[in-house]
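Enquirer: Here you go, this is coords.cif (mmCIF, C-alpha atoms).
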```cif
data_run
#
loop_
_atom_site.label_atom_id
_atom_site.label_comp_id
_atom_site.auth_asym_id
_atom_site.auth_seq_id
_atom_site.Cartn_x
_atom_site.Cartn_y
_atom_site.Cartn_z
CA MET S 1 -16.91 -2.10 -4.69
CA GLU S 2 -13.68 -3.63 -5.89
CA LEU S 3 -10.95 -3.89 -3.28
CA LEU S 4 -8.23 -2.76 -5.70
CA GLU S 5 -8.86 -1.73 -9.28
CA LYS S 6 -6.09 -2.27 -11.87
CA SER S 7 -5.46 1.48 -11.90
CA LYS S 8 -4.57 1.25 -8.18
CA LEU S 9 -1.82 -1.36 -8.71
CA ARG S 10 1.82 -0.68 -9.55
CA ILE S 11 4.96 -2.78 -9.80
CA VAL S 12 8.31 -1.11 -9.09
CA GLU S 13 11.49 -2.88 -10.19
CA LYS S 14 14.10 -0.46 -8.81
CA SER S 15 15.71 -0.60 -5.40
CA MET S 16 14.30 2.05 -3.03
CA THR S 17 15.16 3.53 0.35
CA PRO S 18 12.30 3.79 2.85
CA VAL S 19 11.73 7.46 1.98
CA GLU S 20 11.80 6.73 -1.76
CA ALA S 21 9.26 3.94 -1.24
CA LEU S 22 6.98 6.28 0.73
CA HIS S 23 7.35 8.87 -2.03
CA GLU S 24 6.38 6.20 -4.56
CA VAL S 25 3.22 5.13 -2.76
CA GLY S 26 2.30 8.67 -1.68
CA ASN S 27 2.74 10.06 -5.17
CA PHE S 28 0.64 7.15 -6.48
CA LEU S 29 -2.24 8.18 -4.18
CA HIS S 30 -1.85 11.73 -5.50
CA GLU S 31 -1.72 10.59 -9.15
CA VAL S 32 -5.01 8.69 -8.83
CA GLY S 33 -6.63 11.84 -7.42
CA SER S 34 -7.14 10.74 -3.83
CA THR S 35 -4.75 13.11 -2.06
CA HIS S 36 -3.04 16.45 -2.44
CA ALA S 37 0.75 16.23 -2.87
CA SER S 38 1.24 17.30 0.77
CA TYR S 39 -0.11 13.95 1.99
CA THR S 40 3.09 12.24 0.83
CA GLU S 41 5.14 14.51 3.09
CA GLU S 42 2.74 13.83 5.96
CA MET S 43 3.37 10.08 5.54
CA ILE S 44 7.14 10.63 5.50
CA ASP S 45 6.94 12.89 8.58
CA SER S 46 4.96 10.16 10.39
CA PHE S 47 7.67 7.64 9.50
CA HIS S 48 10.43 9.95 10.79
CA THR S 49 8.47 10.67 13.99
CA LEU S 50 6.96 7.26 14.79
CA GLY S 51 9.23 4.81 12.97
CA PRO S 52 8.08 1.88 10.84
CA TYR S 53 4.79 1.35 12.73
CA PHE S 54 3.01 0.75 9.41
CA VAL S 55 4.99 -2.42 8.62
CA ILE S 56 2.14 -4.58 9.87
CA ALA S 57 3.27 -8.12 9.05
CA PRO S 58 6.20 -9.92 7.43
CA SER S 59 6.74 -8.32 3.98
CA ILE S 60 3.61 -6.11 4.28
CA ALA S 61 3.33 -2.38 4.95
CA LEU S 62 0.26 -0.16 5.09
CA ALA S 63 1.72 3.33 4.66
CA HIS S 64 -0.55 6.17 5.76
CA SER S 65 -0.81 9.31 7.78
CA LYS S 66 -3.55 10.61 10.00
CA PRO S 67 -6.71 11.95 8.37
CA SER S 68 -6.18 15.50 7.17
CA SER S 69 -7.29 18.12 4.68
CA SER S 70 -4.68 16.65 2.32
CA VAL S 71 -7.02 13.71 1.69
CA ILE S 72 -9.54 14.20 -1.12
CA GLN S 73 -11.20 10.78 -0.83
CA ASN S 74 -10.68 7.52 1.05
CA ASP S 75 -8.56 5.20 -1.06
CA LEU S 76 -6.13 2.31 -1.18
CA VAL S 77 -3.30 1.57 -3.64
CA LEU S 78 -0.73 -1.22 -3.79
CA VAL S 79 2.90 -0.99 -4.88
CA LEU S 80 4.63 -4.33 -5.39
CA CYS S 81 8.31 -3.74 -4.63
CA LYS S 82 10.32 -6.24 -6.67
CA GLN S 83 13.40 -5.13 -4.74
CA PRO S 84 12.16 -5.45 -1.12
CA VAL S 85 12.43 -2.35 1.09
CA ASN S 86 13.91 -2.31 4.59
CA PHE S 87 12.09 0.17 6.85
CA GLY S 88 13.87 -0.85 10.05
CA SER S 89 11.09 -3.15 11.24
CA LYS S 90 11.18 -6.71 12.54
CA ASN S 91 8.82 -7.50 9.64
CA ASP S 92 11.27 -6.31 6.96
CA PRO S 93 11.84 -6.57 4.10
CA VAL S 94 8.61 -5.24 2.57
CA THR S 95 7.42 -6.34 -0.86
CA LEU S 96 3.71 -5.41 -0.58
CA LEU S 97 3.48 -1.68 0.10
CA PHE S 98 -0.11 -0.52 0.45
CA GLY S 99 -0.89 3.18 0.54
CA LEU S 100 -3.97 4.23 2.48
CA CYS S 101 -5.62 7.60 2.86
CA ALA S 102 -8.76 8.41 4.84
CA LYS S 103 -10.69 11.64 5.33
CA GLU S 104 -11.81 10.75 8.86
CA ALA S 105 -10.52 8.59 11.71
CA HIS S 106 -12.80 5.64 10.99
CA GLY S 107 -12.72 5.98 7.24
CA HIS S 108 -11.87 2.83 5.33
CA MET S 109 -12.50 0.33 8.14
CA ASP S 110 -14.32 -2.04 5.78
CA VAL S 111 -11.42 -1.94 3.31
CA LEU S 112 -8.89 -2.50 6.11
CA MET S 113 -10.82 -5.54 7.29
CA LYS S 114 -10.84 -7.00 3.75
CA VAL S 115 -7.12 -6.33 3.34
CA GLY S 116 -6.44 -7.93 6.71
CA GLU S 117 -8.41 -11.03 5.81
CA MET S 118 -6.66 -11.30 2.45
CA LEU S 119 -3.20 -10.95 3.97
CA GLU S 120 -3.79 -13.64 6.60
CA ASP S 121 -3.39 -16.09 3.71
CA GLN S 122 0.39 -16.61 3.59
CA ASP S 123 0.14 -18.47 0.27
CA LEU S 124 -1.59 -15.44 -1.24
CA VAL S 125 1.07 -13.08 0.13
CA SER S 126 3.73 -15.25 -1.52
CA GLU S 127 1.78 -15.37 -4.79
CA LEU S 128 1.34 -11.59 -4.82
CA SER S 129 5.05 -11.04 -4.20
CA GLU S 130 5.92 -13.22 -7.20
CA CYS S 131 3.61 -11.48 -9.70
CA GLU S 132 5.38 -10.00 -12.72
CA THR S 133 2.55 -7.99 -14.33
CA ILE S 134 -0.34 -5.80 -13.20
CA GLU S 135 -2.70 -8.32 -14.80
CA GLN S 136 -1.25 -11.16 -12.68
CA LEU S 137 -1.41 -9.00 -9.56
CA TYR S 138 -5.02 -8.01 -10.24
CA ASN S 139 -6.12 -11.58 -10.98
CA CYS S 140 -4.35 -12.93 -7.90
CA ILE S 141 -6.06 -10.40 -5.62
CA HIS S 142 -9.51 -10.83 -7.10
CA GLN S 143 -9.48 -14.63 -7.27
CA LYS S 144 -9.07 -14.62 -3.50
CA THR S 145 -11.31 -11.68 -2.55
CA THR S 146 -14.44 -12.16 -4.62
#
```
Can you present the structure in this file as structure tokens?

Expert:
Amino acid sequence: MELLEKSKLRIVEKSMTPVEALHEVGNFLHEVGSTHASYTEEMIDSFHTLGPYFVIAPSIALAHSKPSSSVIQNDLVLVLCKQPVNFGSKNDPVTLLFGLCAKEAHGHMDVLMKVGEMLEDQDLVSELSECETIEQLYNCIHQKTT
């Protein structure tokens, strides 16, 4: 299984607030058929309740909510924010905004491990942040993960 298919990658040029960024990634999960629209609101509610817990490393966020009936299938998408987003975390600003949805509590552990390994490579994180096209983003990810 591919870690991230081209159809699961997006580049956003505009400046976004934290809520707009969560809408972007949540709606992306919905557009690819992995969640119902309500999952986006669940992610935003989690952010308002728990804060920016999902900003997991400098410039990297893994936006998600708890498993729920709003999830159709486990999935992962990536939004490259060309205008970095400040969520109020010590790891701000975020340029790599992953969106994760899982049907059950341990869903997607293998994908999370692969993402974690990939993002330990600071050179790769820098390369990803500088990509200008989906093709570049895809190639950069898959040269390092295959």

Enquirer: Within 12 Å of segment 132-135 of chain S, which residues of segment 44-119 of chain S show up? Give each one with its shortest atom-to-atom distance in Å (one decimal) and the two atoms involved, counting only C-alpha atoms, rows by chain then rising residue number, as a tab-separated table.

Expert:
```
residue	atom	partner	partner_atom	distance
S:Leu78	CA	S:Ile134	CA	10.5
S:Val79	CA	S:Ile134	CA	10.1
S:Leu80	CA	S:Glu132	CA	9.3
S:Cys81	CA	S:Glu132	CA	10.6
S:Lys82	CA	S:Glu132	CA	8.7
```

Enquirer: Running the PyMOL selection byres ((chain S and resi 7-22) around 10) on this model by hand, what would come out? Give it as a PyMOL selection string.

Expert: chain S and resi 3-6+23-29+31-32+40-41+43-45+47-48+52+63-64+75-88+94-99+129+131-135+137-138

Enquirer: Written as a list in words, which residues does the PyMOL selection byres ((chain S and resi 124) around 12) give for the file shown?

Expert: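 Matching residues under the PyMOL selection byres ((chain S and resi 124) around 12) are Leu96, Val115, Gly116, Glu117, Met118, Leu119, Glu120, Asp121, Gln122, Asp123, Val125, Ser126, Glu127, Leu128, Ser129, Glu130, Cys131, Leu137, Asn139, Cys140, Ile141, His142, Gln143, Lys144 and Thr145 of chain S.
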
Enquirer: Using all atoms listed in the file, can you tell me which of S:Ala102, S:Ile56, S:Ala61, S:Val71 comes closest to Ala37 of chain S?

Expert: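 Of S:Ala102, S:Ile56, S:Ala61, S:Val71, the one nearest Ala37 of chain S, counting all atoms listed in the file, is S:Val71.
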
Enquirer: Out of S:His30, S:Lys103, S:Lys114, S:Lys90, which residue has the shortest atom-to-atom distance to Phe54 of chain S when counting only C-alpha atoms?

Expert: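 Ranked by minimum distance to Phe54 of chain S, first place goes to S:Lys90.
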
Enquirer: Measure the distance from atom CA of Thr35 of chain S to atom CA of Cys101 of chain S in Å and round it to one decimal.

Expert: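 Distance reported for this atom pair: 7.4 Å.
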
Enquirer: Closest to Ser70 of chain S among S:Leu100, S:Glu42, S:Gly51, S:Val111, using all atoms listed in the file?

Expert: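 Under the stated criterion, the closest residue is S:Glu42.
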
Enquirer: Between atom CA of Leu62 of chain S and atom CA of Met109 of chain S, what is the distance in Å, rounded to a tenth?

Expert: 13.1 Å

Enquirer: Using all atoms listed in the file, which residue out of S:Met113, S:Ala105, S:Gln136, S:Pro93 lies closest to Ile60 of chain S?

Expert: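 Residue with the minimum atom-to-atom distance to Ile60 of chain S: S:Pro93.
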
Enquirer: So the first atom is atom CA of Tyr53 of chain S and the second is atom CA of Lys66 of chain S; what is the distance between them in Å, to one decimal place?

Expert: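 A separation of 12.8 Å between them.
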
Enquirer: Emit as AutoDock Vina command-line options the padded axis-aligned box for all listed atoms of segment 81-94 of chain S, 5 Å per side, with centre and edge lengths in Å to one decimal.

Expert:
```
--center_x 11.1 --center_y -3.7 --center_z 2.9 --size_x 15.6 --size_y 17.7 --size_z 29.2
```
